[in-house]
Amino acid sequence: MDLEAVRTFAAVADAGQFQKAAVDLSVTQQAVSKRVAALERDLGVRLFTRTPRGAELTIDGQAFLPHARELLRTAERAVASVRTDHRPLRVDVINSRGAASGLMRGFHHAHPDVDLDVLMLLDIEAALAALRSGALDATFRAVAMPGRPLPEDIASVRVLDEPLQLLTGPAHPLADADSVTVAELVGHRIWMPGILPGSEWAAYYDDLVAEFGLTIEATGPNFGSDALLDTIAGTPALATFMSERTRLVWPAGHGLRRIPVTGPTPVYPHSLLWHRDNPHPALPTLRAHLATTPTPGAPATWTPAWIRPHRDPTAPPARPRKTRQAQVV
């Protein structure tokens with residue numbers, strides 16, 4: 001259906017005259033008449049009756065008018081969905097309880113005028129494809145994985161190094177410690193059923209295990225954080241890693257402990273990724289806001305060697321180079 005003809009029909013209905021509608025649309029009266037006549041031929045009905053007072057809707061015209069208005073509204077929404085200056089900023093935070101979600105809540109508080117669509121995509125390849133297609137404006141990731149460098153058309157900047165903590169139940173051997181070193185965790189069972197095979201966080205924990213000789217078990221189904229907390233609270237032999245900014249709520253009777261890990265402190269490096277040609281006007285605002293995000297300091301921190309260092313995201317992509325297995329910063 002010709003939307004210009006539908007728009008002209010609605011203009012005549014509002015104006016009550018072909019001539020007045022022509023002025024409103026900045027076209028000739030002849031053009032208005034031709035568009036309405038073409039629409040009537042397409043529909044097979046008369047939409048207006050000409051009278052001395054102007055143009056009056058027929059019964060069929062009255063029936064068609066609300067649908068015509070909805071067609072025009074739908075067209076406006078369709079156009080707005082692909083105009084970056086009219087649509088929300090679409091950002092992937094992976095999950096609702098993690099640090100990325102907290103960063104975006106802080107951004108929304110600081111910039112309430114920026115419309116946001118918050119998405120949760122587990123798979124990094126799906127997130128990269130969405131960045132390239134324009135379905136997504138930004139995503140929070142650990143940037144890359146061994147053997148899978150970041151594509152050259154995707155820019156990134158480190159925005160937060162988040163320390164890991166040990167989460168235990170009250171009867172765990174380490175439950176009363178003020179802090180634990182990575183070496184003290186050797187021999188303890190760390191249960192993390194939420195590790196997704198092939199994800200960047202799976203690669204992160206694989207390197208952590210290889211570097212320090214830890215025992216991380218990802219066995220069993222992942223029933224979510226509530227089931228994980230119930231199990232950790234009631235099983236003295238199990239602990240789990242939890243990022244410092246992960247939001248958790250548990251029953252008072254669980255008596256769970258969050259214990260800092262030191263010597264060195266494993267930190268999970270969150271980076272913001274976006275397509276280099278993304279034109280959304282709110283994207284620079286988000287990047288500028290995240291540049292002011294404070295990162296807690298630690299005497300010594302650890303990340304895998306494949307994690308990209310802090311760098312200027314507008315600089316040309318660096319050439320691939322060989323790296324060590326892991327690095328202590």
# chains A, B, ... in the order shown; residues from 1 in each chain; ligands from 1
$ residues_around --residues "Arg132 in chain A" --least-positions-apart "5" --cutoff "10 Å" --atoms "only C-alpha atoms" --output "number ranges by chain"
A: 126-127, 137, 153-154, 274-278
$ residues_around --residues "range 110-123 of chain A" --least-positions-apart "3" --cutoff "6 Å" --atoms "only C-alpha atoms" --output "PDB file with N, CA, C and O atoms, in the first residue's frame"
ATOM      1  N   PRO A  88      16.764   4.168  21.219  1.00  0.00           N
ATOM      2  CA  PRO A  88      17.557   3.990  22.444  1.00  0.00           C
ATOM      3  C   PRO A  88      18.950   3.433  22.153  1.00  0.00           C
ATOM      4  O   PRO A  88      19.182   2.792  21.127  1.00  0.00           O
ATOM      5  N   LEU A  89      19.859   3.686  23.072  1.00  0.00           N
ATOM      6  CA  LEU A  89      21.188   3.088  23.031  1.00  0.00           C
ATOM      7  C   LEU A  89      21.052   1.643  23.512  1.00  0.00           C
ATOM      8  O   LEU A  89      20.574   1.381  24.616  1.00  0.00           O
ATOM      9  N   ARG A  90      21.483   0.695  22.675  1.00  0.00           N
ATOM     10  CA  ARG A  90      21.309  -0.726  22.995  1.00  0.00           C
ATOM     11  C   ARG A  90      22.627  -1.290  23.516  1.00  0.00           C
ATOM     12  O   ARG A  90      23.623  -1.328  22.797  1.00  0.00           O
ATOM     13  N   VAL A  91      22.619  -1.749  24.769  1.00  0.00           N
ATOM     14  CA  VAL A  91      23.846  -2.198  25.426  1.00  0.00           C
ATOM     15  C   VAL A  91      23.615  -3.584  26.023  1.00  0.00           C
ATOM     16  O   VAL A  91      22.613  -3.827  26.699  1.00  0.00           O
ATOM     17  N   ASP A  92      24.567  -4.478  25.781  1.00  0.00           N
ATOM     18  CA  ASP A  92      24.529  -5.842  26.317  1.00  0.00           C
ATOM     19  C   ASP A  92      25.333  -5.899  27.613  1.00  0.00           C
ATOM     20  O   ASP A  92      26.503  -5.528  27.636  1.00  0.00           O
ATOM     21  N   VAL A  93      24.682  -6.371  28.703  1.00  0.00           N
ATOM     22  CA  VAL A  93      25.354  -6.468  29.999  1.00  0.00           C
ATOM     23  C   VAL A  93      25.569  -7.916  30.440  1.00  0.00           C
ATOM     24  O   VAL A  93      26.001  -8.166  31.563  1.00  0.00           O
ATOM     25  N   ILE A  94      25.248  -8.883  29.595  1.00  0.00           N
ATOM     26  CA  ILE A  94      25.431 -10.326  29.821  1.00  0.00           C
ATOM     27  C   ILE A  94      24.439 -10.863  30.834  1.00  0.00           C
ATOM     28  O   ILE A  94      23.720 -11.825  30.569  1.00  0.00           O
ATOM     29  N   ASN A  95      24.378 -10.290  32.053  1.00  0.00           N
ATOM     30  CA  ASN A  95      23.403 -10.737  33.045  1.00  0.00           C
ATOM     31  C   ASN A  95      23.023  -9.569  33.940  1.00  0.00           C
ATOM     32  O   ASN A  95      23.697  -8.543  33.958  1.00  0.00           O
ATOM     33  N   PHE A 107      25.323   4.740  34.842  1.00  0.00           N
ATOM     34  CA  PHE A 107      25.224   5.619  33.674  1.00  0.00           C
ATOM     35  C   PHE A 107      23.816   6.205  33.554  1.00  0.00           C
ATOM     36  O   PHE A 107      23.655   7.397  33.275  1.00  0.00           O
ATOM     37  N   ALA A 126      27.598 -14.000  19.246  1.00  0.00           N
ATOM     38  CA  ALA A 126      26.305 -13.365  18.977  1.00  0.00           C
ATOM     39  C   ALA A 126      26.381 -11.868  19.244  1.00  0.00           C
ATOM     40  O   ALA A 126      25.809 -11.053  18.513  1.00  0.00           O
TER      41      ALA A 126
END
$ select_by_dssp --residues "range 54-264 of chain A" --states "strand (DSSP E or B)" --output "NGL selection string"
:A and (54-57 or 89-92 or 116-119 or 138-141 or 145 or 148 or 154-168 or 180-181 or 189-191 or 215-217 or 238-243 or 257-262)
$ atom_distance --atom1 "CA of Gly169 in chain A" --atom2 "CA of Asn222 in chain A"
18.7 Å
$ select_by_dssp --residues "range 192-254 of chain A" --states "helix (DSSP H, G or I)" --output "number ranges by chain"
A: 200-212, 225-234, 252-254
$ closest_atom_pairs --of "range 139-196 of chain A" --to "range 243-258 of chain A" --cutoff "8 Å" --atoms "only C-alpha atoms" --output "tab-separated table"
residue	atom	partner	partner_atom	distance
A:Glu162	CA	A:Glu244	CA	6.2
A:Pro163	CA	A:Glu244	CA	5.6
A:Leu164	CA	A:Ser243	CA	4.5
A:Gln165	CA	A:Ser243	CA	5.9
A:Leu166	CA	A:Arg258	CA	5.7
A:Leu167	CA	A:Arg258	CA	4.7
A:Thr168	CA	A:Arg257	CA	5.3
A:Gly169	CA	A:Leu256	CA	4.7
A:Pro170	CA	A:Gly255	CA	5.5
A:Ala175	CA	A:Arg257	CA	6.2
$ closest_residue --among "A:Val209, A:Val182, A:Leu136, A:Leu3" --to "Ala300 in chain A" --atoms "only C-alpha atoms"
A:Val182
$ residues_around --residues "Pro269 in chain A" --least-positions-apart "3" --cutoff "12 Å" --atoms "only C-alpha atoms" --output "mmCIF file with all heavy atoms, in the first residue's frame"
data_model
loop_
_atom_site.group_PDB
_atom_site.id
_atom_site.type_symbol
_atom_site.label_atom_id
_atom_site.label_comp_id
_atom_site.auth_asym_id
_atom_site.auth_seq_id
_atom_site.Cartn_x
_atom_site.Cartn_y
_atom_site.Cartn_z
ATOM 1 N N ALA A 99 28.695 -6.867 37.250
ATOM 2 C CA ALA A 99 29.250 -5.515 37.312
ATOM 3 C C ALA A 99 28.781 -4.650 36.154
ATOM 4 O O ALA A 99 28.545 -3.454 36.322
ATOM 5 C CB ALA A 99 30.773 -5.586 37.327
ATOM 6 N N ALA A 100 28.654 -5.249 34.960
ATOM 7 C CA ALA A 100 28.244 -4.458 33.796
ATOM 8 C C ALA A 100 26.858 -3.854 34.001
ATOM 9 O O ALA A 100 26.610 -2.705 33.630
ATOM 10 C CB ALA A 100 28.268 -5.329 32.543
ATOM 11 N N PHE A 140 29.665 -5.470 27.038
ATOM 12 C CA PHE A 140 30.733 -5.607 28.025
ATOM 13 C C PHE A 140 31.302 -7.019 27.931
ATOM 14 O O PHE A 140 30.561 -7.999 28.091
ATOM 15 C CB PHE A 140 30.208 -5.356 29.439
ATOM 16 C CG PHE A 140 29.862 -3.914 29.716
ATOM 17 C CD1 PHE A 140 28.590 -3.437 29.466
ATOM 18 C CD2 PHE A 140 30.815 -3.047 30.218
ATOM 19 C CE1 PHE A 140 28.259 -2.106 29.729
ATOM 20 C CE2 PHE A 140 30.500 -1.721 30.473
ATOM 21 C CZ PHE A 140 29.221 -1.245 30.229
ATOM 22 N N ARG A 141 32.612 -7.122 27.700
ATOM 23 C CA ARG A 141 33.256 -8.424 27.532
ATOM 24 C C ARG A 141 34.674 -8.371 28.106
ATOM 25 O O ARG A 141 35.191 -7.307 28.437
ATOM 26 C CB ARG A 141 33.322 -8.814 26.046
ATOM 27 C CG ARG A 141 31.957 -8.971 25.402
ATOM 28 C CD ARG A 141 31.277 -10.251 25.807
ATOM 29 N NE ARG A 141 29.837 -10.220 25.532
ATOM 30 C CZ ARG A 141 29.040 -11.277 25.678
ATOM 31 N NH1 ARG A 141 29.535 -12.440 26.075
ATOM 32 N NH2 ARG A 141 27.746 -11.183 25.447
ATOM 33 N N ALA A 142 35.295 -9.566 28.164
ATOM 34 C CA ALA A 142 36.708 -9.638 28.521
ATOM 35 C C ALA A 142 37.567 -9.530 27.275
ATOM 36 O O ALA A 142 38.728 -9.901 27.278
ATOM 37 C CB ALA A 142 37.014 -10.932 29.264
ATOM 38 N N VAL A 143 36.995 -9.054 26.190
ATOM 39 C CA VAL A 143 37.628 -8.662 24.937
ATOM 40 C C VAL A 143 37.954 -9.811 24.004
ATOM 41 O O VAL A 143 37.481 -9.834 22.877
ATOM 42 C CB VAL A 143 38.901 -7.820 25.181
ATOM 43 C CG1 VAL A 143 39.552 -7.453 23.869
ATOM 44 C CG2 VAL A 143 38.550 -6.560 25.923
ATOM 45 N N ALA A 144 38.766 -10.764 24.385
ATOM 46 C CA ALA A 144 39.190 -11.777 23.426
ATOM 47 C C ALA A 144 39.480 -13.071 24.151
ATOM 48 O O ALA A 144 39.437 -13.152 25.368
ATOM 49 C CB ALA A 144 40.427 -11.306 22.663
ATOM 50 N N SER A 156 37.618 -1.415 21.488
ATOM 51 C CA SER A 156 37.401 -1.789 22.884
ATOM 52 C C SER A 156 38.193 -0.874 23.792
ATOM 53 O O SER A 156 39.207 -0.287 23.384
ATOM 54 C CB SER A 156 37.823 -3.239 23.129
ATOM 55 O OG SER A 156 39.231 -3.372 23.065
ATOM 56 N N VAL A 157 37.739 -0.777 25.026
ATOM 57 C CA VAL A 157 38.479 -0.040 26.043
ATOM 58 C C VAL A 157 38.192 -0.709 27.387
ATOM 59 O O VAL A 157 37.051 -1.066 27.686
ATOM 60 C CB VAL A 157 38.085 1.456 26.059
ATOM 61 C CG1 VAL A 157 36.600 1.639 26.388
ATOM 62 C CG2 VAL A 157 38.942 2.237 27.039
ATOM 63 N N ARG A 158 39.238 -0.919 28.182
ATOM 64 C CA ARG A 158 39.082 -1.483 29.522
ATOM 65 C C ARG A 158 38.388 -0.455 30.399
ATOM 66 O O ARG A 158 38.820 0.701 30.478
ATOM 67 C CB ARG A 158 40.439 -1.816 30.122
ATOM 68 C CG ARG A 158 41.020 -3.152 29.753
ATOM 69 C CD ARG A 158 40.816 -4.295 30.692
ATOM 70 N NE ARG A 158 41.669 -4.334 31.842
ATOM 71 C CZ ARG A 158 42.935 -4.737 31.847
ATOM 72 N NH1 ARG A 158 43.552 -5.063 30.723
ATOM 73 N NH2 ARG A 158 43.599 -4.810 32.964
ATOM 74 N N VAL A 159 37.337 -0.871 31.086
ATOM 75 C CA VAL A 159 36.590 0.084 31.902
ATOM 76 C C VAL A 159 36.564 -0.284 33.381
ATOM 77 O O VAL A 159 36.304 0.574 34.219
ATOM 78 C CB VAL A 159 35.135 0.234 31.387
ATOM 79 C CG1 VAL A 159 35.127 0.858 30.003
ATOM 80 C CG2 VAL A 159 34.401 -1.097 31.387
ATOM 81 N N LEU A 160 36.837 -1.553 33.714
ATOM 82 C CA LEU A 160 36.770 -1.945 35.123
ATOM 83 C C LEU A 160 37.532 -3.238 35.340
ATOM 84 O O LEU A 160 37.312 -4.222 34.627
ATOM 85 C CB LEU A 160 35.311 -2.135 35.567
ATOM 86 C CG LEU A 160 35.106 -2.624 37.004
ATOM 87 C CD1 LEU A 160 35.573 -1.553 38.005
ATOM 88 C CD2 LEU A 160 33.646 -2.984 37.260
ATOM 89 N N ASP A 161 38.450 -3.247 36.322
ATOM 90 C CA ASP A 161 39.105 -4.466 36.782
ATOM 91 C C ASP A 161 38.440 -4.861 38.103
ATOM 92 O O ASP A 161 38.608 -4.180 39.115
ATOM 93 C CB ASP A 161 40.602 -4.244 36.986
ATOM 94 C CG ASP A 161 41.344 -4.108 35.678
ATOM 95 O OD1 ASP A 161 40.768 -4.420 34.622
ATOM 96 O OD2 ASP A 161 42.512 -3.701 35.718
ATOM 97 N N GLU A 162 37.704 -5.948 38.069
ATOM 98 C CA GLU A 162 36.877 -6.331 39.227
ATOM 99 C C GLU A 162 37.516 -7.486 39.985
ATOM 100 O O GLU A 162 37.674 -8.588 39.456
ATOM 101 C CB GLU A 162 35.486 -6.730 38.756
ATOM 102 C CG GLU A 162 34.536 -7.058 39.887
ATOM 103 C CD GLU A 162 33.173 -7.514 39.383
ATOM 104 O OE1 GLU A 162 33.073 -7.920 38.206
ATOM 105 O OE2 GLU A 162 32.223 -7.480 40.174
ATOM 106 N N PRO A 163 37.897 -7.287 41.246
ATOM 107 C CA PRO A 163 38.526 -8.356 42.017
ATOM 108 C C PRO A 163 37.572 -9.531 42.258
ATOM 109 O O PRO A 163 36.366 -9.341 42.434
ATOM 110 C CB PRO A 163 38.876 -7.671 43.348
ATOM 111 C CG PRO A 163 38.893 -6.210 43.043
ATOM 112 C CD PRO A 163 37.859 -6.006 41.978
ATOM 113 N N LEU A 164 38.144 -10.736 42.255
ATOM 114 C CA LEU A 164 37.375 -11.920 42.630
ATOM 115 C C LEU A 164 37.388 -12.074 44.139
ATOM 116 O O LEU A 164 38.364 -11.729 44.813
ATOM 117 C CB LEU A 164 37.960 -13.184 41.999
ATOM 118 C CG LEU A 164 37.914 -13.333 40.479
ATOM 119 C CD1 LEU A 164 38.377 -14.733 40.090
ATOM 120 C CD2 LEU A 164 36.518 -13.078 39.949
ATOM 121 N N GLU A 200 34.269 -16.263 27.181
ATOM 122 C CA GLU A 200 35.512 -15.624 27.591
ATOM 123 C C GLU A 200 35.784 -15.853 29.069
ATOM 124 O O GLU A 200 36.937 -15.902 29.493
ATOM 125 C CB GLU A 200 35.495 -14.126 27.258
ATOM 126 C CG GLU A 200 34.443 -13.308 27.980
ATOM 127 C CD GLU A 200 33.145 -13.195 27.206
ATOM 128 O OE1 GLU A 200 32.809 -14.127 26.450
ATOM 129 O OE2 GLU A 200 32.462 -12.172 27.362
ATOM 130 N N TRP A 201 34.747 -15.998 29.896
ATOM 131 C CA TRP A 201 35.005 -16.252 31.315
ATOM 132 C C TRP A 201 35.449 -17.700 31.538
ATOM 133 O O TRP A 201 36.189 -17.984 32.481
ATOM 134 C CB TRP A 201 33.833 -15.870 32.193
ATOM 135 C CG TRP A 201 32.509 -16.502 31.899
ATOM 136 C CD1 TRP A 201 32.008 -17.647 32.441
ATOM 137 C CD2 TRP A 201 31.489 -16.011 31.012
ATOM 138 N NE1 TRP A 201 30.758 -17.910 31.955
ATOM 139 C CE2 TRP A 201 30.411 -16.914 31.074
ATOM 140 C CE3 TRP A 201 31.386 -14.894 30.193
ATOM 141 C CZ2 TRP A 201 29.240 -16.741 30.324
ATOM 142 C CZ3 TRP A 201 30.230 -14.729 29.447
ATOM 143 C CH2 TRP A 201 29.181 -15.639 29.517
ATOM 144 N N TYR A 204 39.049 -17.475 30.929
ATOM 145 C CA TYR A 204 39.668 -16.793 32.071
ATOM 146 C C TYR A 204 39.944 -17.785 33.195
ATOM 147 O O TYR A 204 41.060 -17.849 33.726
ATOM 148 C CB TYR A 204 38.749 -15.674 32.547
ATOM 149 C CG TYR A 204 39.213 -14.966 33.805
ATOM 150 C CD1 TYR A 204 40.013 -13.835 33.730
ATOM 151 C CD2 TYR A 204 38.832 -15.424 35.063
ATOM 152 C CE1 TYR A 204 40.434 -13.175 34.876
ATOM 153 C CE2 TYR A 204 39.255 -14.780 36.219
ATOM 154 C CZ TYR A 204 40.052 -13.660 36.125
ATOM 155 O OH TYR A 204 40.476 -13.014 37.270
ATOM 156 N N SER A 243 32.507 -12.335 41.779
ATOM 157 C CA SER A 243 33.110 -11.033 41.528
ATOM 158 C C SER A 243 32.646 -10.022 42.573
ATOM 159 O O SER A 243 31.528 -10.118 43.103
ATOM 160 C CB SER A 243 32.745 -10.541 40.126
ATOM 161 O OG SER A 243 33.280 -11.405 39.144
ATOM 162 N N PRO A 266 43.194 -12.048 41.786
ATOM 163 C CA PRO A 266 42.672 -12.227 40.427
ATOM 164 C C PRO A 266 41.595 -11.176 40.153
ATOM 165 O O PRO A 266 40.667 -11.011 40.946
ATOM 166 C CB PRO A 266 42.074 -13.638 40.449
ATOM 167 C CG PRO A 266 42.635 -14.288 41.671
ATOM 168 C CD PRO A 266 42.862 -13.181 42.650
ATOM 169 N N LEU A 272 34.493 -2.400 27.365
ATOM 170 C CA LEU A 272 33.364 -2.018 26.533
ATOM 171 C C LEU A 272 33.777 -2.197 25.082
ATOM 172 O O LEU A 272 34.824 -1.710 24.658
ATOM 173 C CB LEU A 272 32.970 -0.562 26.787
ATOM 174 C CG LEU A 272 31.715 -0.097 26.034
ATOM 175 C CD1 LEU A 272 30.466 -0.662 26.692
ATOM 176 C CD2 LEU A 272 31.643 1.431 25.985
ATOM 177 N N THR A 295 38.521 2.204 39.613
ATOM 178 C CA THR A 295 38.888 0.799 39.743
ATOM 179 C C THR A 295 39.677 0.630 41.029
ATOM 180 O O THR A 295 40.740 1.236 41.180
ATOM 181 C CB THR A 295 39.726 0.327 38.544
ATOM 182 O OG1 THR A 295 38.920 0.405 37.373
ATOM 183 C CG2 THR A 295 40.200 -1.101 38.723
ATOM 184 N N THR A 301 47.842 -7.677 41.085
ATOM 185 C CA THR A 301 46.660 -8.282 40.484
ATOM 186 C C THR A 301 47.080 -9.225 39.368
ATOM 187 O O THR A 301 48.193 -9.126 38.827
ATOM 188 C CB THR A 301 45.706 -7.211 39.919
ATOM 189 O OG1 THR A 301 46.395 -6.449 38.926
ATOM 190 C CG2 THR A 301 45.192 -6.295 41.019
ATOM 191 N N TRP A 302 46.167 -10.114 39.005
ATOM 192 C CA TRP A 302 46.444 -11.112 37.963
ATOM 193 C C TRP A 302 45.326 -11.105 36.937
ATOM 194 O O TRP A 302 44.138 -11.042 37.297
ATOM 195 C CB TRP A 302 46.555 -12.497 38.581
ATOM 196 C CG TRP A 302 46.741 -13.594 37.565
ATOM 197 C CD1 TRP A 302 47.913 -14.099 37.105
ATOM 198 C CD2 TRP A 302 45.703 -14.318 36.878
ATOM 199 N NE1 TRP A 302 47.692 -15.079 36.164
ATOM 200 C CE2 TRP A 302 46.335 -15.233 36.005
ATOM 201 C CE3 TRP A 302 44.311 -14.266 36.905
ATOM 202 C CZ2 TRP A 302 45.614 -16.093 35.174
ATOM 203 C CZ3 TRP A 302 43.588 -15.120 36.080
ATOM 204 C CH2 TRP A 302 44.238 -16.020 35.219
ATOM 205 N N THR A 303 45.713 -11.168 35.666
ATOM 206 C CA THR A 303 44.784 -11.430 34.568
ATOM 207 C C THR A 303 45.498 -12.333 33.573
ATOM 208 O O THR A 303 46.740 -12.353 33.519
ATOM 209 C CB THR A 303 44.351 -10.143 33.828
ATOM 210 O OG1 THR A 303 45.509 -9.504 33.298
ATOM 211 C CG2 THR A 303 43.602 -9.193 34.744
ATOM 212 N N PRO A 304 44.766 -13.078 32.752
ATOM 213 C CA PRO A 304 45.430 -13.858 31.698
ATOM 214 C C PRO A 304 46.180 -12.953 30.737
ATOM 215 O O PRO A 304 45.821 -11.791 30.545
ATOM 216 C CB PRO A 304 44.264 -14.565 31.001
ATOM 217 C CG PRO A 304 43.155 -14.555 31.991
ATOM 218 C CD PRO A 304 43.322 -13.297 32.788
ATOM 219 N N ALA A 305 47.231 -13.500 30.103
ATOM 220 C CA ALA A 305 48.047 -12.693 29.195
ATOM 221 C C ALA A 305 47.281 -12.262 27.955
ATOM 222 O O ALA A 305 47.638 -11.274 27.316
ATOM 223 C CB ALA A 305 49.299 -13.475 28.800
ATOM 224 N N TRP A 306 46.211 -12.996 27.589
ATOM 225 C CA TRP A 306 45.485 -12.636 26.374
ATOM 226 C C TRP A 306 44.529 -11.463 26.578
ATOM 227 O O TRP A 306 43.965 -10.946 25.622
ATOM 228 C CB TRP A 306 44.711 -13.835 25.816
ATOM 229 C CG TRP A 306 43.880 -14.589 26.821
ATOM 230 C CD1 TRP A 306 44.261 -15.702 27.516
ATOM 231 C CD2 TRP A 306 42.535 -14.314 27.236
ATOM 232 N NE1 TRP A 306 43.243 -16.125 28.346
ATOM 233 C CE2 TRP A 306 42.173 -15.294 28.190
ATOM 234 C CE3 TRP A 306 41.603 -13.332 26.884
ATOM 235 C CZ2 TRP A 306 40.926 -15.327 28.803
ATOM 236 C CZ3 TRP A 306 40.354 -13.354 27.505
ATOM 237 C CH2 TRP A 306 40.032 -14.340 28.443
ATOM 238 N N ILE A 307 44.353 -11.023 27.810
ATOM 239 C CA ILE A 307 43.532 -9.842 28.065
ATOM 240 C C ILE A 307 44.264 -8.612 27.556
ATOM 241 O O ILE A 307 45.434 -8.392 27.871
ATOM 242 C CB ILE A 307 43.241 -9.684 29.570
ATOM 243 C CG1 ILE A 307 42.415 -10.872 30.077
ATOM 244 C CG2 ILE A 307 42.535 -8.376 29.849
ATOM 245 C CD1 ILE A 307 41.029 -10.936 29.501
ATOM 246 N N ARG A 308 43.593 -7.812 26.769
ATOM 247 C CA ARG A 308 44.223 -6.614 26.227
ATOM 248 C C ARG A 308 44.478 -5.593 27.330
ATOM 249 O O ARG A 308 43.644 -5.382 28.203
ATOM 250 C CB ARG A 308 43.345 -5.976 25.151
ATOM 251 C CG ARG A 308 43.321 -6.764 23.861
ATOM 252 C CD ARG A 308 42.661 -5.955 22.767
ATOM 253 N NE ARG A 308 42.746 -6.635 21.481
ATOM 254 C CZ ARG A 308 42.387 -6.088 20.343
ATOM 255 N NH1 ARG A 308 41.925 -4.861 20.316
ATOM 256 N NH2 ARG A 308 42.480 -6.750 19.208
ATOM 257 N N PRO A 309 45.622 -4.917 27.280
ATOM 258 C CA PRO A 309 45.892 -3.878 28.275
ATOM 259 C C PRO A 309 45.046 -2.644 28.007
ATOM 260 O O PRO A 309 44.412 -2.512 26.971
ATOM 261 C CB PRO A 309 47.379 -3.573 28.063
ATOM 262 C CG PRO A 309 47.605 -3.891 26.618
ATOM 263 C CD PRO A 309 46.718 -5.070 26.312
ATOM 264 N N HIS A 310 45.063 -1.715 28.965
ATOM 265 C CA HIS A 310 44.394 -0.434 28.748
ATOM 266 C C HIS A 310 45.066 0.274 27.586
ATOM 267 O O HIS A 310 46.285 0.372 27.512
ATOM 268 C CB HIS A 310 44.493 0.437 30.010
ATOM 269 C CG HIS A 310 43.780 -0.134 31.188
ATOM 270 N ND1 HIS A 310 42.432 0.034 31.401
ATOM 271 C CD2 HIS A 310 44.222 -0.889 32.222
ATOM 272 C CE1 HIS A 310 42.077 -0.572 32.509
ATOM 273 N NE2 HIS A 310 43.142 -1.136 33.030
#
$ atom_distance --atom1 "CA of His67 in chain A" --atom2 "CA of Ala21 in chain A"
19.1 Å
$ closest_residue --among "A:His109, A:Val261, A:Met242, A:Gln30" --to "Thr181 in chain A" --atoms "only C-alpha atoms"
A:Val261
$ atom_distance --atom1 "CA of Glu211 in chain A" --atom2 "CA of Ser199 in chain A"
18.7 Å
$ closest_residue --among "A:Gly44, A:His270, A:Thr292, A:Ala22" --to "Ser101 in chain A" --atoms "only C-alpha atoms"
A:His270
